[in-house]
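*Asks:* Pasting a structure here, questions to come.
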Amino acid sequence: MGAEVLALAFERPPIDWHAVAPELVLLGFGALLTLIDIAALERGRALMSALASIGLLAAMVPILTLALDGADRAMFGGAYVIDDYALIMKAIFVLAGYVVVLLSVNYVAEGDYWENEYYQMLVSSILGMVLMASARDLVTIFVALELLSIPAYLMATWRKRDLASNEAGLKYYLMGVFASAVLLYGMSLLYGVTGSTMLSDIAGGVAAGAAPPAVVTLGVIFVVVGFGFKVSAFPFHTWAPDTYEGAPTPVTAFLSVASKAAGFVALLSLVFVGFWNRTDVYQPVLWVLAAASMFGGNLMALRQKNLVRLLAYSGVAQAGYMLAPLAVAGTSAAVADRALAAVVTYLAIYAAMNLGAFAVIIAVARRTASAHIDSFRGLFRYGPALAVAMTVFLMALAGIPPLGGWFAKFEIVLALISASTVAGTALGVIVAVNSVIALYYYARIASYMWVEDPPEGADTSPISTPLAVTAALVITGGATLVFGILPQWVGRFTEVSLLAAAG
Amino acid sequence: MLLNQFLLLGAVLFCIGVYGVLARRNGVLVLMSVEIILNSVNINLVAFGALNDDVGGAVFALFVIAVAAAEVGIGLAIVLLMYRNRRSIDLSEADMLKG
Amino acid sequence: MSEFLRTYLTVGIFGALGVVLVGAFLGLGRLLRPSRPTPAKTENYESGVDPIGDGWSQANIRYYVFALLFVMFDVEAVFIFPWATRLEAYGMFGLVEMAIFIFILLLGLLYAWRKGMLRWV
């Protein structure tokens, strides 16, 4: 084997510099942050957050020029693809990262912990996500997954003298590496039966009759389970509530939005390109995961007393909503396109509303130092703007029109029903039932803020919100409203297809 | 064809690793169990690569090895942090967060 | 494939022979020698110093950072070896690529040095 490889002539792979510009910008800024840290140590602190946000905004520029250019680009024999789908996901990651920087500025600067490294880690993690959006190859997916996860483990453990933060990081780390190990085992089986790590080759290799069905099934299930951990689908969600509660709140916001979306990106590429011919294998697994996540997440959320834990369980349920269209995607090409558009829409809107909810929690916790539901009692009396914002985000999460979450859920149900199968309709009904269950706990928090009195002895002078957090609230609140009032606007961007690449 | 033996070894190592992750309560031993799973993956990848006469499997294995080293480095740092703060690496004692 | 494995068969036979020989000699010794245990004979160090304290001892935590750095750089070498075997074919392109790779690694080492990780306290 070795001799033939050595005899091959080497051809320099053509590199499309425009296509990889977003990644290069992020890499450059990551290296720059590290260099400044090396050179200036603590004197560089003040620069870090500004440079990180400039870097993220700078990465948006090539994403926009690529989107205007509109041509699909593929590199390394199709292992790295830049199409509309990849660009939309990259934009979501980079913008979500920007909002997280806004949320972190005061939190990290006021805490007694390393600040320089925090932004380095954040930028590397976003670089991993941006890579993941384009990855169409098992090795690239794996490297991107680790690049986004490893800094996230460290960020969850950020408050290093705090036992809760230690525990949050430890649980996240252990579940994360276990999940990626299981995922890798599945990938090794898929590579074995298809002889290739490229998703487009795997699609042909796993087709019925081409490979031993038992090995294919095992490989597909292991890969889906591995990403089930990443997107915190029930019953692989156990790390999420503990990690969310113990980790610093801006990091929690980052994990619950960006990290989850990155898991979905990989899952979408795998399902729509790699496993496309094996609907009989992946559809039942995803159906069960989706239904279990919706019921499990919502029922557990009902009895939570801590708002961050509640949002963690609600995030499990939201992952269920997003998994649901995948469970019927294989019915036909038209349903698949509709399902993909629904999931991408949901991811974009979910990012806005969930980041917004965490922004309010961060703003309130600056006063109360707690995310317990009781500390939100009577918020309207002393923080009316925050109470209004929180209500908007919660109602959007519940799916009340005319807010963004409503349009997202509507798209999901539409995609499920368009499959016109029993399984699809049943999932549609489950989504509807769960929306009602979820409304109960979202509305309960709203009534705490509006109706009840502030707890005894609480400081009820008006809350002052730092400028950066206000900016984050304006961005996320604006997006939540715009997506709900002008759904055709966001719909136009998320009309994407992965099947063209698969064919 | 000797492929089956390699796959069997991979599967056995995978099961040992999963058992270790689920049953062990010592942080460092759990890390070692994860390493065992990753090595079972490497065995699979290299065996399949040799079977298909494709270097892709060996290259994938190299990436797994490199990333696993980084992962374990982080993991040891987190376990060490836990040891510094609570003088124990028993995972069953990490139960502050629940509900 | 089979040729490749056949060469390794020699290694396997050699290993098996080693195990069998050691087992045979130990077994032979067990058969021949008399066995009359006394409490003094079953101690860990017969006719030595009595063992004190626990069997476990902790390595100094300072070694951890060095071990970690070593493992990192050691493992990154797995990318450099395959590159080195084909350096001539890759030409300038390969050289620049590897320079970038090593530069990023170097950032890590510089970081560790600047944060005082390499100092022996």
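Residue numbering restarts at 1 in every chain; chains get A, B, ... in the order shown in the structure tokens, and ligands count up from 1 in that same order.
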Counting only C-alpha atoms, which residues of chain A sit at most 9 Å from some atom of chain B, and what is each one's closest atom pair with its distance in Å to one decimal, listed by chain and rising residue number, as a tab-separated table?
*Replies:*
residue	atom	partner	partner_atom	distance
A:Met1	CA	B:Asp53	CA	6.5
A:Gly2	CA	B:Val55	CA	8.5
A:Val5	CA	B:Val55	CA	8.2
A:Leu138	CA	B:Phe60	CA	8.6
A:Val139	CA	B:Phe60	CA	6.1
A:Phe142	CA	B:Val64	CA	8.4
A:Val143	CA	B:Val67	CA	7.6
A:Glu146	CA	B:Val67	CA	7.2
A:Leu147	CA	B:Val67	CA	8.8
A:Ile150	CA	B:Glu71	CA	6.7
A:Tyr153	CA	B:Ile74	CA	8.0
A:Leu154	CA	B:Ile74	CA	7.5
A:Thr157	CA	B:Ile78	CA	7.6
A:Lys160	CA	B:Leu81	CA	7.1
A:Arg161	CA	B:Asn85	CA	6.8
A:Asp162	CA	B:Asn85	CA	8.1
A:Leu163	CA	B:Asn85	CA	6.9
A:Ala164	CA	B:Met96	CA	6.7
A:Asn166	CA	B:Met82	CA	6.2
A:Glu167	CA	B:Ala94	CA	6.1
A:Ala168	CA	B:Leu97	CA	8.0
A:Gly169	CA	B:Ile78	CA	7.3
A:Leu170	CA	B:Ile78	CA	6.3
A:Lys171	CA	B:Ala94	CA	8.9
A:Tyr173	CA	B:Gly75	CA	7.0
A:Leu174	CA	B:Leu31	CA	7.9
A:Val177	CA	B:Val34	CA	7.2
A:Phe178	CA	B:Val34	CA	6.3
A:Ala181	CA	B:Leu38	CA	5.8
A:Val182	CA	B:Ile37	CA	7.7
A:Leu184	CA	B:Val41	CA	6.5
A:Tyr185	CA	B:Val41	CA	5.2
A:Gly186	CA	B:Val41	CA	8.7
A:Met187	CA	B:Val41	CA	8.6
A:Ser188	CA	B:Leu45	CA	5.5
A:Leu189	CA	B:Asn44	CA	7.4
A:Tyr191	CA	B:Phe48	CA	7.5
A:Gly192	CA	B:Phe48	CA	4.9
A:Val193	CA	B:Phe48	CA	8.2
A:Gly195	CA	B:Asn52	CA	6.0
A:Ser196	CA	B:Gly56	CA	7.1
A:Thr197	CA	B:Gly56	CA	7.2
A:Pro241	CA	B:Lys98	CA	7.9
A:Asp242	CA	B:Leu97	CA	5.4
A:Thr243	CA	B:Leu97	CA	8.4
A:Glu245	CA	B:Leu97	CA	7.4
A:Gly246	CA	B:Leu97	CA	7.2
A:Arg303	CA	B:Gly99	CA	8.8
A:Gln304	CA	B:Gly99	CA	7.4
A:Lys305	CA	B:Gly99	CA	8.9
A:Arg309	CA	B:Gly99	CA	8.5
*Asks:* Store the residues picked out above in a file with C-alpha atoms, as a PDB file, in the first residue's frame.
*Replies:*
ATOM      1  CA  MET A   1       0.000   0.000   0.000  1.00  0.00           C
ATOM      2  CA  GLY A   2       2.679   2.446   1.074  1.00  0.00           C
ATOM      3  CA  VAL A   5       1.142   6.183  -2.420  1.00  0.00           C
ATOM      4  CA  LEU A 138     -16.330  12.664   8.103  1.00  0.00           C
ATOM      5  CA  VAL A 139     -12.797  13.783   9.016  1.00  0.00           C
ATOM      6  CA  PHE A 142     -14.925  15.372  13.372  1.00  0.00           C
ATOM      7  CA  VAL A 143     -12.169  17.993  13.480  1.00  0.00           C
ATOM      8  CA  GLU A 146     -13.693  18.955  18.395  1.00  0.00           C
ATOM      9  CA  LEU A 147     -12.544  22.465  17.539  1.00  0.00           C
ATOM     10  CA  ILE A 150     -12.840  21.701  23.346  1.00  0.00           C
ATOM     11  CA  TYR A 153     -15.438  22.661  27.813  1.00  0.00           C
ATOM     12  CA  LEU A 154     -12.974  25.215  29.094  1.00  0.00           C
ATOM     13  CA  THR A 157     -15.310  25.649  33.687  1.00  0.00           C
ATOM     14  CA  LYS A 160     -12.292  27.971  38.247  1.00  0.00           C
ATOM     15  CA  ARG A 161     -12.583  28.456  42.000  1.00  0.00           C
ATOM     16  CA  ASP A 162     -16.327  27.876  41.937  1.00  0.00           C
ATOM     17  CA  LEU A 163     -17.353  24.285  42.614  1.00  0.00           C
ATOM     18  CA  ALA A 164     -20.555  24.570  40.581  1.00  0.00           C
ATOM     19  CA  ASN A 166     -16.099  22.938  37.970  1.00  0.00           C
ATOM     20  CA  GLU A 167     -18.867  20.415  38.118  1.00  0.00           C
ATOM     21  CA  ALA A 168     -20.632  21.923  35.110  1.00  0.00           C
ATOM     22  CA  GLY A 169     -17.457  21.722  33.049  1.00  0.00           C
ATOM     23  CA  LEU A 170     -16.656  18.208  34.227  1.00  0.00           C
ATOM     24  CA  LYS A 171     -20.099  16.874  33.328  1.00  0.00           C
ATOM     25  CA  TYR A 173     -16.627  17.343  29.237  1.00  0.00           C
ATOM     26  CA  LEU A 174     -17.306  13.742  30.188  1.00  0.00           C
ATOM     27  CA  VAL A 177     -16.003  13.133  24.928  1.00  0.00           C
ATOM     28  CA  PHE A 178     -18.082  10.028  25.472  1.00  0.00           C
ATOM     29  CA  ALA A 181     -16.141   8.588  21.018  1.00  0.00           C
ATOM     30  CA  VAL A 182     -19.430   6.838  20.248  1.00  0.00           C
ATOM     31  CA  LEU A 184     -16.378   8.147  15.990  1.00  0.00           C
ATOM     32  CA  TYR A 185     -17.071   4.462  16.352  1.00  0.00           C
ATOM     33  CA  GLY A 186     -20.128   4.911  14.151  1.00  0.00           C
ATOM     34  CA  MET A 187     -18.054   6.894  11.669  1.00  0.00           C
ATOM     35  CA  SER A 188     -15.417   4.159  11.551  1.00  0.00           C
ATOM     36  CA  LEU A 189     -18.105   1.610  10.680  1.00  0.00           C
ATOM     37  CA  TYR A 191     -16.031   4.388   6.559  1.00  0.00           C
ATOM     38  CA  GLY A 192     -15.503   0.638   6.637  1.00  0.00           C
ATOM     39  CA  VAL A 193     -18.577  -0.326   4.643  1.00  0.00           C
ATOM     40  CA  GLY A 195     -14.530   2.868   1.794  1.00  0.00           C
ATOM     41  CA  SER A 196     -14.727   6.639   1.816  1.00  0.00           C
ATOM     42  CA  THR A 197     -15.047   9.487   4.281  1.00  0.00           C
ATOM     43  CA  PRO A 241     -29.358  21.251  32.876  1.00  0.00           C
ATOM     44  CA  ASP A 242     -26.376  20.800  35.202  1.00  0.00           C
ATOM     45  CA  THR A 243     -23.919  22.384  32.800  1.00  0.00           C
ATOM     46  CA  GLU A 245     -26.805  25.980  35.690  1.00  0.00           C
ATOM     47  CA  GLY A 246     -23.172  25.781  36.764  1.00  0.00           C
ATOM     48  CA  ARG A 303     -41.186  21.440  37.810  1.00  0.00           C
ATOM     49  CA  GLN A 304     -38.066  23.614  37.560  1.00  0.00           C
ATOM     50  CA  LYS A 305     -37.464  26.378  40.068  1.00  0.00           C
ATOM     51  CA  ARG A 309     -32.505  24.967  34.311  1.00  0.00           C
TER      52      ARG A 309
END
*Asks:* Would you please give, as a ChimeraX atom specification, all residues of chain B that DSSP assigns to alpha helix (DSSP H) based on the backbone?
*Replies:* /B:3-23,27-52,56-86
*Asks:* Contacts of Tyr107 of chain A at 12 Å or less, counting only C-alpha atoms, minus same-chain residues fewer than 2 places along, as a ChimeraX atom specification?
*Replies:* /A:49,100-105,109-115,118,158-159,248-251,359,362-363,365-366,369,465-466,468-469
*Asks:* Can I get the selected residues back with C-alpha atoms, as a CSV table (one decimal), in the first residue's frame?
*Replies:*
chain,number,residue,atom,x,y,z
A,49,SER,CA,-13.5,42.1,23.9
A,100,VAL,CA,-22.4,36.4,23.2
A,101,VAL,CA,-19.4,38.8,23.2
A,102,LEU,CA,-21.8,41.6,24.0
A,103,LEU,CA,-23.3,39.5,26.9
A,104,SER,CA,-19.8,38.6,28.1
A,105,VAL,CA,-18.2,42.0,28.2
A,109,ALA,CA,-14.6,42.0,33.1
A,110,GLU,CA,-16.2,42.1,36.5
A,111,GLY,CA,-15.4,38.6,37.5
A,112,ASP,CA,-12.0,37.8,38.9
A,113,TYR,CA,-11.0,35.4,36.1
A,114,TRP,CA,-8.9,35.3,33.0
A,115,GLU,CA,-10.3,37.6,30.4
A,118,TYR,CA,-12.0,33.8,27.3
A,158,TRP,CA,-14.4,29.3,33.5
A,159,ARG,CA,-15.0,30.3,37.2
A,248,PRO,CA,-21.1,31.2,33.6
A,249,THR,CA,-24.4,32.5,32.1
A,250,PRO,CA,-23.0,34.0,28.9
A,251,VAL,CA,-21.3,30.7,28.3
A,359,ALA,CA,-29.6,38.4,28.0
A,362,ILE,CA,-27.9,38.2,32.9
A,363,ALA,CA,-29.2,41.7,33.3
A,365,ALA,CA,-28.8,38.5,37.8
A,366,ARG,CA,-26.5,41.5,38.0
A,369,ALA,CA,-27.1,37.2,41.7
A,465,THR,CA,-28.5,47.6,32.3
A,466,PRO,CA,-25.0,47.9,30.9
A,468,ALA,CA,-23.5,46.0,25.8
A,469,VAL,CA,-26.3,43.9,27.3
*Asks:* Given a cut-off of 9 Å, which residues of chain C touch chain A, counting only C-alpha atoms, written out as an MDAnalysis selection string?
*Replies:* chainID C and resid 1 85:86 89:90 93:94 104 107:108 110:115
*Asks:* Counting only C-alpha atoms, collect the residues of chain C whose closest atom lies at most 9 Å from chain B, and write them out as a PyMOL selection string.
*Replies:* chain C and resi 1-2+5+64+68-69+71-72+75-76+78-79
*Asks:* When you look at Thr279 of chain A with a cut-off of 9 Å (counting only C-alpha atoms), what residues show up, excluding the ones that are within fewer than 6 positions of it in the same chain? I need them as JSON, numbers by chain.
*Replies:* {"A": [271, 327, 328, 329, 330, 331]}
*Asks:* Restrict the calculation to only C-alpha atoms, then for each residue of segment 94-198 of chain A with any atom at most 9 Å from an atom of segment 51-66 of chain A give the closest atom pair and their distance in Å to one decimal, rows by chain and rising residue number, as JSON lines.
*Replies:*
{"residue": "A:Val94", "atom": "CA", "partner": "A:Leu56", "partner_atom": "CA", "distance": 6.0}
{"residue": "A:Leu95", "atom": "CA", "partner": "A:Leu56", "partner_atom": "CA", "distance": 7.5}
{"residue": "A:Gly97", "atom": "CA", "partner": "A:Leu56", "partner_atom": "CA", "distance": 7.3}
{"residue": "A:Tyr98", "atom": "CA", "partner": "A:Ser53", "partner_atom": "CA", "distance": 5.9}
{"residue": "A:Val99", "atom": "CA", "partner": "A:Ser53", "partner_atom": "CA", "distance": 8.8}
{"residue": "A:Val101", "atom": "CA", "partner": "A:Ser53", "partner_atom": "CA", "distance": 6.5}
{"residue": "A:Leu102", "atom": "CA", "partner": "A:Ser53", "partner_atom": "CA", "distance": 8.0}
{"residue": "A:Tyr119", "atom": "CA", "partner": "A:Ala52", "partner_atom": "CA", "distance": 6.3}
{"residue": "A:Gln120", "atom": "CA", "partner": "A:Ala52", "partner_atom": "CA", "distance": 7.9}
{"residue": "A:Leu122", "atom": "CA", "partner": "A:Ala52", "partner_atom": "CA", "distance": 8.4}
{"residue": "A:Val123", "atom": "CA", "partner": "A:Ala52", "partner_atom": "CA", "distance": 7.0}
{"residue": "A:Ile126", "atom": "CA", "partner": "A:Leu56", "partner_atom": "CA", "distance": 8.9}
*Asks:* What would the file look like if the residues just selected were written as a tab-separated table (two decimals), in the first residue's frame with C-alpha atoms?
*Replies:*
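Now in selection-v2.tsv:
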chain	number	residue	atom	x	y	z
A	94	VAL	CA	-20.96	34.48	13.71
A	95	LEU	CA	-23.86	36.75	14.71
A	97	GLY	CA	-21.06	34.74	18.65
A	98	TYR	CA	-21.19	38.52	18.41
A	99	VAL	CA	-24.20	38.68	20.73
A	101	VAL	CA	-19.43	38.75	23.18
A	102	LEU	CA	-21.83	41.59	24.01
A	119	TYR	CA	-12.21	35.59	24.01
A	120	GLN	CA	-9.54	33.38	22.44
A	122	LEU	CA	-14.82	31.94	22.09
A	123	VAL	CA	-13.30	32.81	18.72
A	126	ILE	CA	-16.90	29.87	16.56
